[in-house]
Amino acid sequence: MWRYIYGRISRRFVSTSCASASAHGWWDHVRTAPKDPIVSVNEAFLADPFPHKINLGMGTYRGDDGKPFIPQCVRDAEMKIQRCKLEELNSSAVRSKFVQECVKLAYGNDSYVVREGLFAGVPTLSGTAACRLFADFQRHFYPDAQMYLPDPTWSNHHNIWRQAEIPVKTFHYYHPDTRGLDFAALLQDVKNAPDSSFFLLHPCAHNPTGVDPTEEQWREISYQFKVKNHFPFFDMAYQGFSSGDLDKDAIALRIFVEDGHLIGCSQSFSKNMGLSEHKVGCLSILCQSIKQVAALKSQLQLMSHAMYSSIPFHGVSLVANILSDSDVEALWRKEIKVMANRIETMRTTLRHCLQNLDSSLNWEHITSQVGMFCFSGLTPDQVKQLEKLFHIYMTPDGRISMAGVTTSNVAYLANAIHQVTRIDEEALRSCYVMVCIRIHDRDTKEMLNRKETRSKCSVSLPTRLSNKPLRPVEKEMNSEIILNIEATRQAIQAKLVA
């Protein structure tokens with residue numbers, strides 16, 4: 001450090017030990033944050049050297065070759081933009097057109113919202129920033145409000161509202177026994193919530209369950225929201241992936257608008273246009289008057305400028321060009337249908353493969369669920385087995401990204417799922433309870449040999465549990481997982497209790 005003394009510049013020497021001591025204190029209290037489950041899955045996948053590993057944790061679409069898919073409509077829009085001179089691209093006008101086209105896509109061209117301009121909207125950094133911007137807006141103008149999230153929901157929803165310092169509660173959504181919608185419990189939670197509560201809803205292709213309400217159920221939900229004067233905020237990240245029809249996938253929003261709700265909506269084009277790296281999204285909030293529109297838009301612009309200033313122009317320009325050109329948009333709609341059909345085909349194939357393996361479990365939910373994800377019903381332990389034994393990666397809750405399933409790996413995936421689920425389902429019958437054979441655990445042997453155990457577990461155990469040779473399929477499995485006394489006991493005891 002230099003200082004001016006008696007007309008001369010001299011250097012002031014500071015003890016390095018003192019400097020380092022004072023610097024150390026700033027961040028000593030900071031602890032490592034828990035990793036996002038999806039990030040953890042991707043990191044584990046990338047670190048695995050196995051050549052035929054499968055990543056089922058991704059949230060973006062892949063083609064049948066397993067590679068990121070860029071629709072032709074995006075390529076066409078790219079060429080169109082490249083032909084324009086820079087001075088011809090008025091960024092302000094393009095951003096306004098982008099928001100206008102996003103609103104049309106969400107609420108419909110013929111909606112009064114579009115005709116009368118009763119919306120305040122801004123471009124955002126994908127759907128995540130749209131959610132966070134709305135969370136900040138909610139905290140600023142309704143500081144005592146909380147947000148109700150479906151149970152389960154995308155894990156980052158909790159992070160977003162928590163970071164915005166908004167209390168979070170959950171409402172019933174998924175029923176683990178039916179692997180479908182827990183509609184009665186959902187309605188009950190809507191009725192029991194305090195009047196004028198905020199609720200986050202997935203309008204289509206629910207993440208992570210793939211379970212959507214029917215049109216009739218959406219109408220009932222809308223009615224109950226009207227009775228309680230709740231505010232619905234829709235996070236629409238997968239429009240088109242549920243049915244292959246962009247308008248059909250927006251039916252929930254349009255029902256709520258038709259019923260007179262003021263709603264908020266987050267949109268993302270990371271998946272349905274393959275623009276994950278461009279981070280293109282939109283936040284819109286419906287208003288009752290043009291005066292309200294001006295007020296809300298000014299507040300959203302102020303908050304977004306403080307958060308990220310503005311989003312990259314190229315992605316906004318791509319989406320605006322696609323949605324405003326009837327020919328290019330028609331091509332996009334066809335390509336969305338192709339993407340949705342591929343996922344539906346993989347669902348059907350995976351279910352048939354499991355059934356052809358004589359799995360005793362019911363896999364109907366694979367095809368009854370919709371969209372990008374399948375909530376498989378696999379337990380965290382089974383997910384770990386898939387990773388360790390078969391190099392298949394997914395989030396611990398058993399969510400399968402169907403975009404990662406291809407014609408070349410679906411049979412392998414089905415066989416792997418069958419192996420890890422039948423170990424649990426048959427109380428390790430397929431392994432002849434090798435845990436007892438290998439480590440001679442007397443207590444577990446006695447438990448398995450009891451008549452009551454055999455009857456309640458519905459398994460036929462070998463007469464002698466000491467010298468049974470391993471079958472080929474058993475040798476292919478990692479004994480560290482199978483030969484686990486505690487896991488065996490827990491599986492058996494669970495069946496006895498049941």
# chains A, B, ... in the order shown; residues from 1 in each chain; ligands from 1

$ select_by_dssp --residues "segment 156-252 of chain A" --states "helix (DSSP H, G or I)" --output "PyMOL selection string"
chain A and resi 156-163+183-192+215-228+248-252

$ write_last_selection --atoms "C-alpha atoms" --output "mmCIF file, in the first residue's frame"
data_model
loop_
_atom_site.group_PDB
_atom_site.id
_atom_site.type_symbol
_atom_site.label_atom_id
_atom_site.label_comp_id
_atom_site.auth_asym_id
_atom_site.auth_seq_id
_atom_site.Cartn_x
_atom_site.Cartn_y
_atom_site.Cartn_z
ATOM 1 C CA ASN A 156 -36.391 -25.554 -7.499
ATOM 2 C CA HIS A 157 -39.833 -24.112 -6.767
ATOM 3 C CA HIS A 158 -39.096 -24.455 -3.054
ATOM 4 C CA ASN A 159 -35.714 -22.750 -3.504
ATOM 5 C CA ILE A 160 -37.185 -19.883 -5.504
ATOM 6 C CA TRP A 161 -39.878 -18.894 -3.021
ATOM 7 C CA ARG A 162 -37.614 -19.567 -0.050
ATOM 8 C CA GLN A 163 -34.949 -17.234 -1.466
ATOM 9 C CA PHE A 183 -58.078 -35.089 -6.534
ATOM 10 C CA ALA A 184 -60.279 -35.264 -3.425
ATOM 11 C CA ALA A 185 -57.388 -34.289 -1.119
ATOM 12 C CA LEU A 186 -56.342 -31.507 -3.520
ATOM 13 C CA LEU A 187 -59.816 -29.960 -3.441
ATOM 14 C CA GLN A 188 -59.945 -30.266 0.329
ATOM 15 C CA ASP A 189 -56.668 -28.383 0.677
ATOM 16 C CA VAL A 190 -57.934 -25.663 -1.663
ATOM 17 C CA LYS A 191 -61.053 -25.297 0.487
ATOM 18 C CA ASN A 192 -59.106 -25.306 3.761
ATOM 19 C CA GLU A 215 -60.496 -30.867 -18.226
ATOM 20 C CA GLU A 216 -63.476 -31.560 -15.995
ATOM 21 C CA GLN A 217 -61.239 -31.588 -12.912
ATOM 22 C CA TRP A 218 -59.644 -28.290 -13.951
ATOM 23 C CA ARG A 219 -63.108 -26.747 -14.133
ATOM 24 C CA GLU A 220 -63.864 -27.913 -10.606
ATOM 25 C CA ILE A 221 -60.510 -26.592 -9.354
ATOM 26 C CA SER A 222 -61.228 -23.241 -11.014
ATOM 27 C CA TYR A 223 -64.651 -23.104 -9.375
ATOM 28 C CA GLN A 224 -63.218 -23.759 -5.914
ATOM 29 C CA PHE A 225 -60.528 -21.115 -6.488
ATOM 30 C CA LYS A 226 -63.287 -18.651 -7.372
ATOM 31 C CA VAL A 227 -65.199 -19.493 -4.196
ATOM 32 C CA LYS A 228 -62.085 -18.916 -2.065
ATOM 33 C CA LYS A 248 -54.907 -28.377 -25.633
ATOM 34 C CA ASP A 249 -52.004 -28.130 -23.187
ATOM 35 C CA ALA A 250 -53.068 -24.560 -22.331
ATOM 36 C CA ILE A 251 -56.678 -25.511 -21.548
ATOM 37 C CA ALA A 252 -56.196 -25.052 -17.789
#

$ atom_distance --atom1 "atom CA of Met307 of chain A" --atom2 "atom CA of Leu283 of chain A"
13.9 Å

$ closest_residue --among "A:Asn272, A:Gln299, A:Thr406, A:Ser289" --to "Cys73 of chain A" --atoms "only C-alpha atoms"
A:Asn272

$ residues_around --residues "Ile311 of chain A" --least-positions-apart "3" --cutoff "12 Å" --atoms "only C-alpha atoms" --output "ChimeraX atom specification"
/A:91-92,95,122-126,129-130,278-282,301,304-305,307-308,314-317

$ closest_residue --among "A:Ile81, A:Leu201, A:Val370, A:Val211" --to "Met346 of chain A" --atoms "only C-alpha atoms"
A:Val370
